[in-house]
Amino acid sequence: MSNTYQIYLISDSTGETLDRIFTAIKAQFKNINYKIHTYSFTRTENQILKILEEAQKNPNSIILYTIV
């Protein structure tokens, strides 16, 4: 089993707020390995479904999102 977390950052805009949130998370969990998957301007259901499908394929997936 992989110890690398797959972090999916999903935003309906530029992703700046989400980037700051993830920076705060990294400060609290310094000893984790991760790979970031960034999706900006995600606005349709079809886009979200594709991202979720990909996330299900990867072990240790974590989804963070900001949607207004």
# chains A, B, ... in the order shown; residues from 1 in each chain; ligands from 1

$ residues_around --residues "Gln6 of chain A" --least-positions-apart "5" --cutoff "6 Å" --atoms "only C-alpha atoms" --output "ChimeraX atom specification"
/A:34-35,60-61

$ write_last_selection --atoms "C-alpha atoms" --output "tab-separated table (two decimals), in the first residue's frame"
chain	number	residue	atom	x	y	z
A	34	TYR	CA	1.57	13.71	-1.41
A	35	LYS	CA	0.90	14.36	-5.06
A	60	ASN	CA	-5.27	7.37	-0.43
A	61	SER	CA	-7.25	10.04	-2.31

$ select_by_dssp --residues "chain A" --states "strand (DSSP E or B)" --output "ChimeraX atom specification"
/A:4-11,33-39,61-66

$ select_by_dssp --residues "chain A" --states "alpha helix (DSSP H)" --output "JSON, numbers by chain"
{"A": [16, 17, 18, 19, 20, 21, 22, 23, 24, 25, 26, 27, 28, 45, 46, 47, 48, 49, 50, 51, 52, 53, 54, 55, 56, 57]}

$ residues_around --residues "Ile62 of chain A" --least-positions-apart "2" --cutoff "10 Å" --atoms "only C-alpha atoms" --output "ChimeraX atom specification"
/A:5-9,34,36,55-56,58-60,64

$ write_last_selection --atoms "N, CA, C and O atoms" --output "PDB file, in the first residue's frame"
ATOM      1  N   TYR A   5      -0.278  10.302  -0.462  1.00  0.00           N
ATOM      2  CA  TYR A   5      -1.670  10.742  -0.583  1.00  0.00           C
ATOM      3  C   TYR A   5      -1.861  11.467  -1.901  1.00  0.00           C
ATOM      4  O   TYR A   5      -1.015  12.257  -2.316  1.00  0.00           O
ATOM      5  N   GLN A   6      -2.961  11.177  -2.551  1.00  0.00           N
ATOM      6  CA  GLN A   6      -3.344  11.857  -3.787  1.00  0.00           C
ATOM      7  C   GLN A   6      -4.296  12.978  -3.388  1.00  0.00           C
ATOM      8  O   GLN A   6      -5.424  12.719  -2.970  1.00  0.00           O
ATOM      9  N   ILE A   7      -3.844  14.217  -3.462  1.00  0.00           N
ATOM     10  CA  ILE A   7      -4.633  15.361  -3.026  1.00  0.00           C
ATOM     11  C   ILE A   7      -5.268  16.020  -4.243  1.00  0.00           C
ATOM     12  O   ILE A   7      -4.569  16.495  -5.147  1.00  0.00           O
ATOM     13  N   TYR A   8      -6.592  16.047  -4.270  1.00  0.00           N
ATOM     14  CA  TYR A   8      -7.334  16.663  -5.367  1.00  0.00           C
ATOM     15  C   TYR A   8      -7.853  18.016  -4.886  1.00  0.00           C
ATOM     16  O   TYR A   8      -8.654  18.081  -3.955  1.00  0.00           O
ATOM     17  N   LEU A   9      -7.369  19.081  -5.498  1.00  0.00           N
ATOM     18  CA  LEU A   9      -7.789  20.436  -5.168  1.00  0.00           C
ATOM     19  C   LEU A   9      -8.746  20.900  -6.264  1.00  0.00           C
ATOM     20  O   LEU A   9      -8.327  21.110  -7.403  1.00  0.00           O
ATOM     21  N   TYR A  34       2.802  13.448  -0.662  1.00  0.00           N
ATOM     22  CA  TYR A  34       1.572  13.714  -1.408  1.00  0.00           C
ATOM     23  C   TYR A  34       1.880  14.089  -2.847  1.00  0.00           C
ATOM     24  O   TYR A  34       2.990  14.504  -3.183  1.00  0.00           O
ATOM     25  N   ILE A  36      -0.193  16.381  -5.779  1.00  0.00           N
ATOM     26  CA  ILE A  36      -1.326  17.302  -5.939  1.00  0.00           C
ATOM     27  C   ILE A  36      -1.894  17.201  -7.354  1.00  0.00           C
ATOM     28  O   ILE A  36      -1.156  17.178  -8.331  1.00  0.00           O
ATOM     29  N   ALA A  55     -10.239  10.027  -9.008  1.00  0.00           N
ATOM     30  CA  ALA A  55      -9.866   9.915  -7.595  1.00  0.00           C
ATOM     31  C   ALA A  55     -10.154   8.519  -7.046  1.00  0.00           C
ATOM     32  O   ALA A  55      -9.410   8.008  -6.212  1.00  0.00           O
ATOM     33  N   GLN A  56     -11.213   7.891  -7.512  1.00  0.00           N
ATOM     34  CA  GLN A  56     -11.557   6.547  -7.042  1.00  0.00           C
ATOM     35  C   GLN A  56     -10.522   5.515  -7.471  1.00  0.00           C
ATOM     36  O   GLN A  56     -10.368   4.490  -6.809  1.00  0.00           O
ATOM     37  N   ASN A  58      -7.285   5.942  -7.518  1.00  0.00           N
ATOM     38  CA  ASN A  58      -6.041   6.113  -6.769  1.00  0.00           C
ATOM     39  C   ASN A  58      -6.225   5.826  -5.288  1.00  0.00           C
ATOM     40  O   ASN A  58      -7.178   6.305  -4.674  1.00  0.00           O
ATOM     41  N   PRO A  59      -5.311   5.067  -4.712  1.00  0.00           N
ATOM     42  CA  PRO A  59      -5.386   4.838  -3.265  1.00  0.00           C
ATOM     43  C   PRO A  59      -5.044   6.119  -2.501  1.00  0.00           C
ATOM     44  O   PRO A  59      -4.322   6.972  -3.015  1.00  0.00           O
ATOM     45  N   ASN A  60      -5.563   6.235  -1.311  1.00  0.00           N
ATOM     46  CA  ASN A  60      -5.272   7.372  -0.433  1.00  0.00           C
ATOM     47  C   ASN A  60      -5.658   8.717  -1.037  1.00  0.00           C
ATOM     48  O   ASN A  60      -4.946   9.701  -0.900  1.00  0.00           O
ATOM     49  N   LEU A  64     -10.232  18.066  -1.642  1.00  0.00           N
ATOM     50  CA  LEU A  64     -10.497  19.366  -1.011  1.00  0.00           C
ATOM     51  C   LEU A  64     -11.146  20.246  -2.070  1.00  0.00           C
ATOM     52  O   LEU A  64     -10.682  20.270  -3.216  1.00  0.00           O
TER      53      LEU A  64
END

$ closest_residue --among "A:Asn46, A:Thr4, A:Asn33, A:Thr38" --to "Leu18 of chain A" --atoms "only C-alpha atoms"
A:Thr38

$ atom_distance --atom1 "atom CA of Thr14 of chain A" --atom2 "atom CA of Val68 of chain A"
12.1 Å

$ closest_residue --among "A:Gln28, A:Ile63, A:Arg20, A:Ser13" --to "Arg43 of chain A" --atoms "only C-alpha atoms"
A:Ser13

$ atom_distance --atom1 "atom CA of Tyr39 of chain A" --atom2 "atom CA of Ser11 of chain A"
6.2 Å

$ atom_distance --atom1 "atom CA of Ile51 of chain A" --atom2 "atom CA of Phe29 of chain A"
24.5 Å

$ closest_residue --among "A:Asn3, A:Ile67, A:Ala24, A:Gly15" --to "Ser40 of chain A" --atoms "only C-alpha atoms"
A:Gly15
